[in-house]
Amino acid sequence: MTNKERYQRAFSTLHASEDFLMEVTPMKRTGKVRKNRIVALCAAIALIAVLATAAYAADVGGIQRTVQLWVHGDQTDAVMVVEEDGCYKVTYEDENGDTMEMGGGGIAIDENGVERPLTEEEILEHLNEPQVEYKDDGTAWVYCQNQKLEITDKFDDDGVCYVQVKNGGKTLYLTIQYQEGYSMSPHGFEKP
């Protein structure tokens, strides 16, 4: 008698109990449940990807975030959207609750002469620089962070005004030509 025949003879008398046979059936079902869970997980991941793509498309690819700006001497919450090409749009509410919008863009040129769009930090730095405003009542104002300076009386006979302001711990020197523009320097007043 061969080994194979001996094993068959020894184990042919053994029979599995009903409890053991019942355990086999649930194991087969577990494989199906696991497949269903994997399919559900894949569907959830696909749904998240679709929703993220829709949110990105709704923002047209720009980076949108809430920032704080100084507007007319008051710190204001604003929503800033920066596009890949360096253009930006800022939306905020003024003191009357009206929605205001401003925008722009720019480039920087590195030491090799290569142009690149402005970064978000560079745009924020520009937006927080001192601003000169001429009001309808004929007054002229300089706004620099939390400072509001009326400069109407400071213009000389040539229509030039020199103003020194503090901006983030730095002293800035503004040379302002009445309704013609202004220049700014951290070193001293520039000639008009």
# chains A, B, ... in the order shown; residues from 1 in each chain; ligands from 1
>>> select_by_dssp(residues="region 51-183 of chain A", states="strand (DSSP E or B)", output="PyMOL selection string")
chain A and resi 63-71+74-82+88-93+99-104+107-109+115-117+131-134+140-144+147-150+160-167+170-177+181-183
>>> residues_around(residues="Gln164 (chain A)", least_positions_apart="5", cutoff="10 Å", atoms="only C-alpha atoms", output="ChimeraX atom specification")
/A:171-175,184-186,188-189
>>> residues_around(residues="region 82-85 of chain A", least_positions_apart="2", cutoff="12 Å", atoms="only C-alpha atoms", output="PDB file with C-alpha atoms, in the first residue's frame")
ATOM      1  CA  ASP A  59     -11.622  79.745  -8.696  1.00  0.00           C
ATOM      2  CA  VAL A  60     -10.225  79.685 -12.269  1.00  0.00           C
ATOM      3  CA  GLY A  61      -6.908  78.396 -11.001  1.00  0.00           C
ATOM      4  CA  GLY A  62      -6.101  81.392  -8.825  1.00  0.00           C
ATOM      5  CA  ILE A  63      -4.980  81.282  -5.238  1.00  0.00           C
ATOM      6  CA  GLN A  64      -7.688  82.774  -3.054  1.00  0.00           C
ATOM      7  CA  ARG A  65      -7.101  83.701   0.544  1.00  0.00           C
ATOM      8  CA  THR A  66      -8.182  86.156   3.194  1.00  0.00           C
ATOM      9  CA  VAL A  67      -5.613  88.840   3.980  1.00  0.00           C
ATOM     10  CA  VAL A  79     -10.190  88.400  -0.128  1.00  0.00           C
ATOM     11  CA  MET A  80      -7.269  88.334  -2.542  1.00  0.00           C
ATOM     12  CA  CYS A  87      -2.513  89.534 -11.802  1.00  0.00           C
ATOM     13  CA  TYR A  88      -4.516  90.001  -8.639  1.00  0.00           C
ATOM     14  CA  LYS A  89      -7.962  91.094  -7.486  1.00  0.00           C
ATOM     15  CA  VAL A  90      -8.760  92.266  -3.954  1.00  0.00           C
ATOM     16  CA  THR A  91     -12.324  92.508  -2.633  1.00  0.00           C
ATOM     17  CA  GLY A 103      -6.801  94.825  -8.893  1.00  0.00           C
ATOM     18  CA  GLY A 104      -3.647  94.949 -10.880  1.00  0.00           C
ATOM     19  CA  GLY A 105      -0.578  92.938 -11.575  1.00  0.00           C
ATOM     20  CA  GLY A 106       3.048  93.195 -12.287  1.00  0.00           C
ATOM     21  CA  ILE A 107       6.309  91.534 -13.037  1.00  0.00           C
ATOM     22  CA  ALA A 108       9.725  91.461 -11.453  1.00  0.00           C
ATOM     23  CA  GLU A 115      10.748  88.413 -16.158  1.00  0.00           C
ATOM     24  CA  ARG A 116       8.568  86.612 -13.662  1.00  0.00           C
ATOM     25  CA  PRO A 117       5.119  87.351 -12.179  1.00  0.00           C
ATOM     26  CA  LEU A 118       5.021  89.014  -8.765  1.00  0.00           C
ATOM     27  CA  THR A 119       4.630  86.691  -5.814  1.00  0.00           C
ATOM     28  CA  GLU A 120       1.764  86.996  -3.363  1.00  0.00           C
ATOM     29  CA  GLU A 121       4.135  88.466  -0.754  1.00  0.00           C
ATOM     30  CA  GLU A 122       5.362  91.123  -3.186  1.00  0.00           C
ATOM     31  CA  ILE A 123       1.784  92.071  -4.070  1.00  0.00           C
ATOM     32  CA  LEU A 124       0.838  92.363  -0.378  1.00  0.00           C
TER      33      LEU A 124
END
>>> closest_residue(among="A:Leu149, A:Ala52, A:Val142, A:Met100", to="Pro130 (chain A)", atoms="only C-alpha atoms")
A:Val142
>>> atom_distance(atom1="CA of Val163 (chain A)", atom2="CA of Gln68 (chain A)")
24.9 Å
>>> closest_atom_pairs(of="region 87-162 of chain A", to="region 71-77 of chain A", cutoff="6 Å", atoms="only C-alpha atoms", output="CSV")
residue,atom,partner,partner_atom,distance
A:Tyr143,CA,A:His72,CA,5.6
A:Gln145,CA,A:Gly73,CA,5.4
A:Asn146,CA,A:Gly73,CA,4.2
A:Gln147,CA,A:Gly73,CA,5.4
A:Lys148,CA,A:Gly73,CA,5.7
>>> residues_around(residues="Asp157 (chain A)", least_positions_apart="3", cutoff="12 Å", atoms="only C-alpha atoms", output="list in words")
Asp153, Lys154, Val160, Cys161, Gln177 and Tyr178 of chain A
>>> atom_distance(atom1="CA of Lys166 (chain A)", atom2="CA of Glu129 (chain A)")
10.4 Å
>>> residues_around(residues="Thr139 (chain A)", least_positions_apart="5", cutoff="9 Å", atoms="only C-alpha atoms", output="number ranges by chain")
A: 133-134, 150-153
>>> write_last_selection(atoms="N, CA, C and O atoms", output="PDB file, in the first residue's frame")
ATOM      1  N   GLU A 133      -4.290 110.219  -1.600  1.00  0.00           N
ATOM      2  CA  GLU A 133      -5.638 110.333  -2.132  1.00  0.00           C
ATOM      3  C   GLU A 133      -6.061 111.802  -2.119  1.00  0.00           C
ATOM      4  O   GLU A 133      -5.795 112.535  -1.163  1.00  0.00           O
ATOM      5  N   TYR A 134      -6.719 112.200  -3.203  1.00  0.00           N
ATOM      6  CA  TYR A 134      -7.282 113.551  -3.322  1.00  0.00           C
ATOM      7  C   TYR A 134      -8.793 113.418  -3.256  1.00  0.00           C
ATOM      8  O   TYR A 134      -9.398 112.749  -4.085  1.00  0.00           O
ATOM      9  N   GLU A 150      -3.437 114.601   6.764  1.00  0.00           N
ATOM     10  CA  GLU A 150      -3.936 115.553   5.787  1.00  0.00           C
ATOM     11  C   GLU A 150      -2.758 116.437   5.384  1.00  0.00           C
ATOM     12  O   GLU A 150      -2.088 117.038   6.225  1.00  0.00           O
ATOM     13  N   ILE A 151      -2.496 116.512   4.093  1.00  0.00           N
ATOM     14  CA  ILE A 151      -1.319 117.248   3.599  1.00  0.00           C
ATOM     15  C   ILE A 151      -1.715 118.432   2.724  1.00  0.00           C
ATOM     16  O   ILE A 151      -0.866 119.008   2.044  1.00  0.00           O
ATOM     17  N   THR A 152      -2.956 118.837   2.768  1.00  0.00           N
ATOM     18  CA  THR A 152      -3.458 119.901   1.897  1.00  0.00           C
ATOM     19  C   THR A 152      -2.638 121.175   2.045  1.00  0.00           C
ATOM     20  O   THR A 152      -2.274 121.807   1.050  1.00  0.00           O
ATOM     21  N   ASP A 153      -2.281 121.561   3.274  1.00  0.00           N
ATOM     22  CA  ASP A 153      -1.554 122.816   3.527  1.00  0.00           C
ATOM     23  C   ASP A 153      -0.050 122.687   3.334  1.00  0.00           C
ATOM     24  O   ASP A 153       0.664 123.679   3.427  1.00  0.00           O
TER      25      ASP A 153
END
>>> select_by_dssp(residues="region 23-180 of chain A", states="helix (DSSP H, G or I)", output="JSON, numbers by chain")
{"A": [23, 24, 25, 26, 27, 28, 29, 30, 31, 32, 33, 34, 35, 36, 37, 38, 39, 40, 41, 42, 43, 44, 45, 46, 47, 48, 49, 50, 51, 52, 53, 54, 55, 56, 57, 58, 120, 121, 122, 123, 124, 125, 126, 127, 152, 153, 154]}
>>> atom_distance(atom1="CA of Gly181 (chain A)", atom2="CA of Glu95 (chain A)")
25.6 Å
